[in-house]
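Below is upload-v4.cif, holding mmCIF, C-alpha atoms and all ligand atoms.
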data_data
loop_
_atom_site.label_atom_id
_atom_site.label_comp_id
_atom_site.auth_asym_id
_atom_site.auth_seq_id
_atom_site.Cartn_x
_atom_site.Cartn_y
_atom_site.Cartn_z
CA MET K 1 -20.67 2.10 -1.67
CA SER K 2 -19.07 4.88 0.38
CA SER K 3 -16.73 7.26 -1.39
CA SER K 4 -13.96 7.19 1.21
CA VAL K 5 -11.21 4.72 2.02
CA CYS K 6 -10.04 3.73 5.51
CA VAL K 7 -6.43 2.57 5.99
CA VAL K 8 -4.55 1.23 8.99
CA GLY K 9 -0.76 1.00 9.03
CA SER K 10 2.56 2.56 9.93
CA VAL K 11 3.49 6.24 9.92
CA ALA K 12 7.24 6.70 9.98
CA PHE K 13 10.22 8.88 9.36
CA ASP K 14 12.41 7.11 6.83
CA THR K 15 16.07 7.62 6.10
CA ILE K 16 16.68 6.31 2.60
CA GLU K 17 19.82 5.70 0.57
CA THR K 18 19.63 4.73 -3.09
CA PRO K 19 22.30 4.59 -5.81
CA THR K 20 21.09 8.05 -6.93
CA GLY K 21 21.18 9.85 -3.57
CA ASN K 22 19.75 9.93 -0.08
CA ALA K 23 16.96 11.47 1.97
CA PRO K 24 17.13 11.78 5.76
CA GLU K 25 13.99 11.59 7.96
CA VAL K 26 11.30 11.92 5.33
CA LEU K 27 7.64 11.14 6.02
CA GLY K 28 6.90 7.52 5.16
CA GLY K 29 5.30 4.36 6.51
CA SER K 30 2.73 2.20 4.73
CA CYS K 31 -0.22 4.26 5.98
CA SER K 32 1.25 7.56 4.74
CA TYR K 33 2.12 6.20 1.29
CA PHE K 34 -1.26 4.52 0.88
CA SER K 35 -3.20 7.57 2.09
CA VAL K 36 -1.45 10.13 -0.10
CA ALA K 37 -1.76 7.87 -3.18
CA ALA K 38 -5.47 7.20 -2.53
CA SER K 39 -6.12 10.91 -1.92
CA PHE K 40 -5.77 11.59 -5.66
CA PHE K 41 -9.07 9.74 -6.11
CA ALA K 42 -11.13 9.87 -2.90
CA PRO K 43 -11.19 11.12 0.71
CA VAL K 44 -9.12 8.99 3.08
CA ASN K 45 -9.53 8.09 6.76
CA MET K 46 -6.15 7.30 8.27
CA VAL K 47 -5.55 5.11 11.35
CA GLY K 48 -2.03 5.12 12.78
CA VAL K 49 0.14 6.35 15.61
CA VAL K 50 2.82 9.05 15.80
CA GLY K 51 4.92 10.48 18.61
CA SER K 52 4.82 13.93 20.15
CA ASP K 53 7.66 14.84 17.75
CA PHE K 54 5.36 14.66 14.69
CA PRO K 55 5.52 18.10 13.07
CA ALA K 56 2.54 20.34 12.38
CA GLU K 57 3.73 20.78 8.74
CA GLU K 58 3.33 17.06 8.04
CA ARG K 59 -0.16 17.08 9.56
CA ALA K 60 -0.99 20.10 7.42
CA PHE K 61 0.33 18.34 4.28
CA LEU K 62 -1.78 15.23 4.93
CA GLU K 63 -4.87 17.31 5.69
CA SER K 64 -4.32 19.39 2.55
CA ARG K 65 -4.68 16.13 0.59
CA GLY K 66 -8.15 15.47 2.05
CA ILE K 67 -6.90 12.89 4.55
CA SER K 68 -8.74 12.73 7.88
CA LEU K 69 -6.33 12.52 10.83
CA GLU K 70 -9.02 11.85 13.42
CA GLY K 71 -7.71 8.27 13.65
CA LEU K 72 -4.05 9.33 13.89
CA GLU K 73 -3.23 8.82 17.56
CA VAL K 74 -0.51 11.00 19.12
CA VAL K 75 1.42 9.33 21.96
CA GLU K 76 4.13 10.88 24.13
CA GLY K 77 7.46 9.71 22.67
CA ASP K 78 9.08 9.40 19.25
CA THR K 79 7.54 8.46 15.90
CA PHE K 80 8.64 5.17 14.27
CA ARG K 81 11.98 5.45 12.40
CA TRP K 82 13.16 3.21 9.55
CA THR K 83 16.47 3.35 7.68
CA GLY K 84 16.99 1.47 4.41
CA ARG K 85 19.65 1.22 1.72
CA TYR K 86 18.98 0.07 -1.84
CA HIS K 87 21.43 -1.94 -3.90
CA GLU K 88 22.41 -1.08 -7.48
CA ASP K 89 19.56 -3.48 -8.36
CA MET K 90 16.82 -1.48 -6.65
CA ASN K 91 14.60 -4.54 -6.26
CA VAL K 92 16.97 -5.40 -3.39
CA ARG K 93 17.31 -3.38 -0.19
CA ASP K 94 18.66 -3.78 3.33
CA THR K 95 17.03 -2.47 6.48
CA LEU K 96 19.87 -0.74 8.35
CA ASP K 97 17.92 0.42 11.38
CA LEU K 98 14.42 0.14 12.77
CA GLN K 99 13.21 2.00 15.85
CA LEU K 100 9.59 1.14 16.57
CA ASN K 101 9.22 3.80 19.30
CA VAL K 102 5.49 4.56 19.85
CA PHE K 103 4.57 2.18 16.97
CA GLY K 104 5.74 -0.74 19.18
CA ASP K 105 2.55 -0.45 21.31
CA PHE K 106 0.20 0.36 18.42
CA ASN K 107 -3.29 -0.99 19.03
CA PRO K 108 -5.47 0.56 16.34
CA GLN K 109 -8.77 2.04 17.51
CA LEU K 110 -11.18 3.33 14.90
CA PRO K 111 -12.95 6.58 15.71
CA GLU K 112 -16.74 6.22 15.69
CA SER K 113 -16.94 8.16 12.42
CA TYR K 114 -14.74 5.55 10.62
CA ARG K 115 -16.67 2.44 11.75
CA ASP K 116 -19.10 2.48 8.84
CA SER K 117 -16.28 2.53 6.25
CA GLU K 118 -17.01 0.21 3.34
CA LEU K 119 -13.54 0.10 1.77
CA VAL K 120 -10.78 -0.79 4.23
CA PHE K 121 -7.11 -1.54 3.71
CA LEU K 122 -5.06 -3.23 6.43
CA ALA K 123 -1.50 -2.30 5.55
CA ASN K 124 1.40 -4.37 6.78
CA ILE K 125 1.11 -4.69 10.59
CA GLN K 126 0.83 -7.65 12.99
CA PRO K 127 -2.00 -9.95 11.73
CA ASP K 128 -3.85 -10.08 15.07
CA LEU K 129 -3.98 -6.26 15.10
CA GLN K 130 -5.32 -6.31 11.53
CA ASP K 131 -7.99 -8.77 12.71
CA ASN K 132 -8.82 -6.55 15.66
CA VAL K 133 -9.56 -3.69 13.25
CA LEU K 134 -12.04 -5.87 11.37
CA SER K 135 -14.00 -6.48 14.55
CA GLN K 136 -14.52 -2.69 14.84
CA LEU K 137 -16.17 -2.32 11.43
CA ARG K 138 -19.95 -2.42 10.97
CA SER K 139 -20.61 -2.38 7.23
CA VAL K 140 -17.40 -3.18 5.40
CA LYS K 141 -17.79 -4.27 1.74
CA LEU K 142 -14.17 -4.74 0.65
CA ILE K 143 -11.30 -5.69 2.96
CA GLY K 144 -7.80 -5.44 1.53
CA ALA K 145 -4.62 -6.49 3.32
CA ASP K 146 -0.87 -6.57 2.90
CA THR K 147 1.65 -8.58 4.88
CA MET K 148 5.37 -9.41 4.91
CA ASP K 149 7.89 -12.23 5.39
CA HIS K 150 8.15 -11.59 9.15
CA TRP K 151 4.44 -12.36 9.74
CA ILE K 152 4.35 -15.23 7.22
CA ASP K 153 7.20 -16.91 9.12
CA GLY K 154 6.50 -16.04 12.72
CA HIS K 155 2.71 -15.47 12.98
CA ARG K 156 1.37 -17.93 10.43
CA ASP K 157 -1.71 -19.06 12.38
CA ASP K 158 -2.86 -15.49 13.04
CA LEU K 159 -2.20 -14.64 9.40
CA LEU K 160 -4.22 -17.62 8.11
CA LYS K 161 -7.10 -16.64 10.41
CA LEU K 162 -6.99 -13.12 8.98
CA LEU K 163 -6.78 -14.34 5.37
CA SER K 164 -10.01 -16.30 5.78
CA LYS K 165 -11.74 -12.90 6.28
CA VAL K 166 -9.88 -10.83 3.67
CA ASP K 167 -11.30 -10.11 0.17
CA LEU K 168 -8.14 -8.82 -1.52
CA LEU K 169 -4.58 -9.70 -0.55
CA SER K 170 -1.69 -7.66 -1.93
CA ILE K 171 1.79 -9.18 -1.58
CA ASN K 172 4.99 -9.41 -3.59
CA ASP K 173 6.18 -12.45 -5.52
CA SER K 174 8.67 -13.72 -2.91
CA GLU K 175 6.02 -13.42 -0.17
CA ALA K 176 3.58 -15.36 -2.37
CA ALA K 177 6.14 -18.15 -2.71
CA GLN K 178 6.84 -18.12 1.03
CA LEU K 179 3.14 -18.15 1.99
CA SER K 180 2.16 -20.93 -0.42
CA GLY K 181 5.35 -23.02 -0.53
CA GLU K 182 5.08 -22.89 -4.35
CA LYS K 183 7.75 -21.32 -6.58
CA ASN K 184 5.54 -21.17 -9.67
CA ILE K 185 3.50 -17.97 -9.45
CA VAL K 186 0.28 -19.48 -10.86
CA LYS K 187 0.38 -22.46 -8.48
CA ALA K 188 1.23 -20.09 -5.61
CA ALA K 189 -1.75 -17.89 -6.49
CA ARG K 190 -4.11 -20.86 -6.63
CA ALA K 191 -2.95 -22.04 -3.21
CA ILE K 192 -3.35 -18.57 -1.67
CA LEU K 193 -6.86 -18.10 -3.11
CA GLU K 194 -7.75 -21.33 -1.29
CA MET K 195 -6.78 -19.59 1.99
CA GLY K 196 -9.66 -17.11 1.65
CA PRO K 197 -9.07 -14.00 -0.48
CA GLU K 198 -11.28 -13.75 -3.55
CA THR K 199 -8.69 -11.56 -5.27
CA LEU K 200 -4.92 -11.81 -5.05
CA LEU K 201 -2.57 -9.15 -6.28
CA ILE K 202 1.04 -10.22 -6.71
CA LYS K 203 3.44 -7.26 -7.02
CA ARG K 204 6.57 -7.83 -9.05
CA GLY K 205 8.45 -4.55 -8.60
CA GLU K 206 9.69 -3.13 -11.89
CA TYR K 207 7.93 -6.00 -13.73
CA GLY K 208 4.45 -4.86 -12.72
CA ALA K 209 1.70 -6.90 -11.07
CA LEU K 210 -0.61 -9.86 -11.65
CA GLN K 211 -4.14 -10.11 -10.35
CA PHE K 212 -5.62 -13.55 -9.76
CA ALA K 213 -9.20 -14.54 -9.03
CA ALA K 214 -10.90 -17.94 -9.32
CA ASP K 215 -11.47 -17.66 -13.08
CA ASP K 216 -9.51 -14.57 -14.02
CA ILE K 217 -5.93 -13.40 -14.47
CA PHE K 218 -5.04 -9.79 -15.29
CA ALA K 219 -1.55 -8.46 -15.93
CA VAL K 220 -0.40 -4.88 -15.63
CA PRO K 221 3.12 -3.63 -16.38
CA ALA K 222 5.02 -1.12 -14.30
CA PHE K 223 5.18 2.12 -16.27
CA PRO K 224 8.59 2.15 -18.01
CA LEU K 225 10.66 4.95 -16.44
CA GLU K 226 14.13 6.06 -17.40
CA THR K 227 15.07 6.90 -13.81
CA VAL K 228 13.80 5.37 -10.59
CA THR K 229 14.89 7.56 -7.69
CA ASP K 230 13.36 5.77 -4.67
CA PRO K 231 11.15 2.63 -4.75
CA THR K 232 10.17 2.92 -1.06
CA GLY K 233 6.42 2.61 -0.55
CA ALA K 234 5.64 1.79 -4.20
CA GLY K 235 3.56 -1.22 -3.17
CA ASP K 236 1.58 0.83 -0.64
CA CYS K 237 0.98 3.51 -3.28
CA PHE K 238 -0.18 0.82 -5.70
CA ALA K 239 -2.77 -0.35 -3.15
CA GLY K 240 -3.71 3.27 -2.36
CA GLY K 241 -4.33 4.09 -6.02
CA LEU K 242 -6.31 0.86 -6.43
CA PHE K 243 -8.57 1.46 -3.42
CA GLY K 244 -8.91 5.17 -4.23
CA SER K 245 -10.03 4.38 -7.76
CA LEU K 246 -12.58 1.83 -6.50
CA ALA K 247 -13.95 4.43 -4.08
CA ARG K 248 -14.19 7.01 -6.87
CA ASP K 249 -16.00 4.50 -9.14
CA GLY K 250 -18.31 3.43 -6.30
CA ALA K 251 -18.13 -0.17 -7.53
CA VAL K 252 -15.97 -3.28 -7.16
CA ASP K 253 -16.98 -5.19 -10.29
CA ARG K 254 -14.45 -6.75 -12.68
CA LYS K 255 -14.20 -3.65 -14.90
CA SER K 256 -13.71 -1.23 -11.98
CA LEU K 257 -11.15 -3.55 -10.45
CA ARG K 258 -9.12 -3.71 -13.67
CA ARG K 259 -9.21 0.07 -14.05
CA ALA K 260 -8.24 0.42 -10.36
CA ILE K 261 -5.24 -1.88 -10.85
CA VAL K 262 -4.04 0.32 -13.72
CA TYR K 263 -4.49 3.46 -11.58
CA GLY K 264 -2.53 1.68 -8.83
CA SER K 265 0.31 1.13 -11.27
CA VAL K 266 0.08 4.74 -12.52
CA ILE K 267 0.25 6.27 -9.05
CA ALA K 268 3.09 3.93 -7.98
CA SER K 269 5.06 5.05 -11.04
CA PHE K 270 4.93 8.66 -9.79
CA ALA K 271 5.91 7.64 -6.25
CA VAL K 272 9.27 6.25 -7.37
CA GLU K 273 10.24 9.40 -9.29
CA ASP K 274 11.43 11.17 -6.14
CA PHE K 275 12.32 10.40 -2.52
CA GLY K 276 9.56 9.66 -0.01
CA LEU K 277 6.35 11.49 -0.84
CA ALA K 278 8.08 14.43 -2.58
CA ARG K 279 6.69 13.69 -6.06
CA PHE K 280 3.11 13.84 -4.74
CA LYS K 281 3.65 17.35 -3.39
CA ARG K 282 3.84 18.63 -6.96
CA LEU K 283 1.67 16.06 -8.77
CA GLU K 284 -1.38 17.43 -10.59
CA PRO K 285 -4.53 15.31 -11.15
CA GLY K 286 -4.17 16.01 -14.90
CA GLU K 287 -0.77 14.25 -14.91
CA VAL K 288 -2.39 11.15 -13.36
CA GLU K 289 -5.03 11.03 -16.10
CA GLU K 290 -2.42 11.67 -18.81
CA ARG K 291 -0.28 8.75 -17.61
CA PHE K 292 -3.40 6.56 -17.41
CA ARG K 293 -3.94 7.31 -21.13
CA GLN K 294 -0.28 6.54 -21.87
CA PHE K 295 -0.78 3.25 -20.06
CA MET K 296 -3.67 2.33 -22.32
CA ALA K 297 -1.54 3.09 -25.37
CA LEU K 298 1.30 1.04 -23.87
CA THR K 299 -0.81 -2.11 -23.61
CA ASP K 300 -3.14 -1.63 -26.60
CA PHE K 301 -2.82 -4.30 -29.29
CA HIS K 302 -6.25 -3.87 -30.91
CA SER K 303 -5.41 -0.84 -33.04
P1 LIG K 401 7.56 -0.84 1.15
O1 LIG K 401 8.61 -0.17 0.29
O2 LIG K 401 6.26 -1.06 0.44
O3 LIG K 401 8.08 -2.05 1.84
O4 LIG K 401 7.20 0.19 2.30
C1 LIG K 401 8.20 0.91 2.94
C2 LIG K 401 7.62 1.60 4.15
O5 LIG K 401 7.37 0.63 5.17
C3 LIG K 401 8.62 2.59 4.74
O6 LIG K 401 8.06 3.88 4.64
C4 LIG K 401 8.80 2.17 6.20
O7 LIG K 401 8.65 3.23 7.09
C5 LIG K 401 7.70 1.14 6.43
N1 LIG K 401 8.18 0.01 7.26
C6 LIG K 401 9.41 -0.54 7.29
N2 LIG K 401 9.45 -1.57 8.18
C7 LIG K 401 8.20 -1.66 8.71
C8 LIG K 401 7.59 -2.52 9.70
N3 LIG K 401 8.27 -3.48 10.33
N4 LIG K 401 6.29 -2.32 9.98
C9 LIG K 401 5.59 -1.37 9.36
N5 LIG K 401 6.10 -0.52 8.45
C10 LIG K 401 7.38 -0.66 8.11
#
Have the structure of the file written as structure tokens, please.
Ligand code: AMP
Amino acid sequence: MSSSVCVVGSVAFDTIETPTGNAPEVLGGSCSYFSVAASFFAPVNMVGVVGSDFPAEERAFLESRGISLEGLEVVEGDTFRWTGRYHEDMNVRDTLDLQLNVFGDFNPQLPESYRDSELVFLANIQPDLQDNVLSQLRSVKLIGADTMDHWIDGHRDDLLKLLSKVDLLSINDSEAAQLSGEKNIVKAARAILEMGPETLLIKRGEYGALQFAADDIFAVPAFPLETVTDPTGAGDCFAGGLFGSLARDGAVDRKSLRRAIVYGSVIASFAVEDFGLARFKRLEPGEVEERFRQFMALTDFHS
């Protein structure tokens, strides 16, 4: 098992409004969130596209976290922009503006040095592009993927084709219902496992996540926080922590997977404590381990 993680997804500048404040033009996108979260556990190979406006300081930040930018294409034009506003109930948000810019023509190409990656995560992009990435890999051992309502509705055939090749699918509860046509989460999970993935992770925002496999269910809470500042990218961070932990363990057995799911929840709980990626700029590895221990205490009913 290799000790690095390869991720393909969006790199964006986000403008975010929440009930507690706002942040204009902060680094975001699924690929950025995943990569920075995973970087607390293992080296990361990033595949994405940015415009010629992408600042040197952001490149330097990503590189300082041990993230390879060899697969980050730079195209003449502007980087993807997304603007979102959260409701008082922060599980609900509206997209106010979306400018795809150079991301509109994204066609991910893996550098030669990434093609032997064994742990790969296909963050939320068009399913046929996710599939195209798979065809560039030579020795992949674990393929993870995320998707969203837009692809479930409008690109269902491509998505089903992709799912037949994916090992781990990570989606939220409403997407699970939409994909399966089942409102009950257990029935929905069973139907989705039939589509191909061996492992299904259903994210439930502030209520945590459930992992389903053929003969196994595992539940993890979200870490109880007094203040959530910005939930953007929490799901991508969850997946980043999960894949990073698997890479660090060098194994994908049941025990490693359960530990990885808890690390995913731990790292996502830090992400939401500040806007964008700001919390990670001052997060120490010792704090991650300390919260992991608090998590064990939180769910321990043996002692
Ligand atoms: P999440 O909160 O997990 O949905 O992730 C939010 C991130 O997704 C933000 O940083 C956005 O830049 C990015 N994003 C928003 N819309 C899209 C889209 N259509 N395709 C790819 N990434 C997106």
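Inspection of the environment of ligand LIG 401 (chain K), which uses all atoms listed in the file and a cut-off of 6 Å, identifies the neighbouring residues as Ser10, Ala12, Asp14, Gly28, Gly29, Ser30, Trp82, Asn124, Ile125, Thr232, Gly233, Ala234, Gly235 and Asp236 of chain K.
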Asp131 (chain K) environment, 12 Å, only C-alpha atoms, sequence neighbours closer than 3 positions dropped, as a PyMOL selection string: chain K and resi 8+107-109+120-128+134-137+143-145+158-166
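With distances restricted to all atoms listed in the file, K:Glu175 is the closest residue to Trp151 (chain K) from K:Ser269, K:Glu175, K:Tyr263, K:Ile217.
Excluding Arg65 (chain K) itself and any same-chain residue fewer than 4 positions from it, the protein and nucleic acid residues within 10 Å of it, counting only C-alpha atoms, are K:Ser35, K:Val36, K:Ala37, K:Ala38, K:Ser39, K:Phe40, K:Ala42, K:Pro43, K:Val44, K:Ala60, K:Phe61, K:Phe280, K:Lys281.
Nearest to Leu100 (chain K) of all the residues K:Val11, K:Ser174, K:Glu70, K:Phe223 is K:Val11, based on all atoms listed in the file.
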Six-sided padding of 3 Å per side, axis-aligned box over region 190-196 of chain K, centre and edges in Å, one decimal, as JSON:
{"center_x": -6.3, "center_y": -19.6, "center_z": -2.3, "size_x": 12.7, "size_y": 10.9, "size_z": 14.6}
Test item: residues at most 7 Å from region 185-199 of chain K, all atoms listed in the file, excluding those fewer than 2 positions along its chain, as a ChimeraX atom specification: /K:160,163-169,176-177,180,182-183,201,211-213
Distance query Glu17 (chain K) at most 10 Å, all atoms listed in the file, self and fewer than 5 positions along chain excluded, as a compact mmCIF listing (two decimals) with C-alpha atoms, in the coordinates of the input:
# COMPACT_ATOMS: atom_id res chain seq x y z
CA ASN K 22 19.75 9.93 -0.08
CA ALA K 23 16.96 11.47 1.97
CA PRO K 24 17.13 11.78 5.76
CA THR K 83 16.47 3.35 7.68
CA GLY K 84 16.99 1.47 4.41
CA ARG K 85 19.65 1.22 1.72
CA TYR K 86 18.98 0.07 -1.84
CA HIS K 87 21.43 -1.94 -3.90
CA ARG K 93 17.31 -3.38 -0.19
CA ASP K 94 18.66 -3.78 3.33
CA THR K 229 14.89 7.56 -7.69
CA ASP K 230 13.36 5.77 -4.67
CA PHE K 275 12.32 10.40 -2.52
Contacts of Asp274 (chain K) within 9 Å, all atoms listed in the file, excl. fewer than 2 positions in-chain, as a PyMOL selection string: chain K and resi 228-231+270-272+276-280
Restricted to C-alpha atoms, what would the selected residues look like written as a PDB file, keeping the file's coordinate frame?
ATOM      1  CA  VAL K 228      13.800   5.370 -10.590  1.00  0.00           C
ATOM      2  CA  THR K 229      14.890   7.560  -7.690  1.00  0.00           C
ATOM      3  CA  ASP K 230      13.360   5.770  -4.670  1.00  0.00           C
ATOM      4  CA  PRO K 231      11.150   2.630  -4.750  1.00  0.00           C
ATOM      5  CA  PHE K 270       4.930   8.660  -9.790  1.00  0.00           C
ATOM      6  CA  ALA K 271       5.910   7.640  -6.250  1.00  0.00           C
ATOM      7  CA  VAL K 272       9.270   6.250  -7.370  1.00  0.00           C
ATOM      8  CA  GLY K 276       9.560   9.660  -0.010  1.00  0.00           C
ATOM      9  CA  LEU K 277       6.350  11.490  -0.840  1.00  0.00           C
ATOM     10  CA  ALA K 278       8.080  14.430  -2.580  1.00  0.00           C
ATOM     11  CA  ARG K 279       6.690  13.690  -6.060  1.00  0.00           C
ATOM     12  CA  PHE K 280       3.110  13.840  -4.740  1.00  0.00           C
TER      13      PHE K 280
END
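Here CA of Val50 (chain K) is placed at a distance of 16.1 Å from CA of Phe34 (chain K).
Candidate residues K:Ile16, K:Gln99, K:Gly286, K:Val5 were compared for distance to Leu242 (chain K), and the nearest is K:Val5, using all atoms listed in the file.
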Point-to-point distance from CA of Asn132 (chain K) to CA of Val75 (chain K), Å rounded to tenths: 19.9 Å
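If you look at CA of Glu226 (chain K) and CA of Leu27 (chain K), they are 24.8 Å away from each other.
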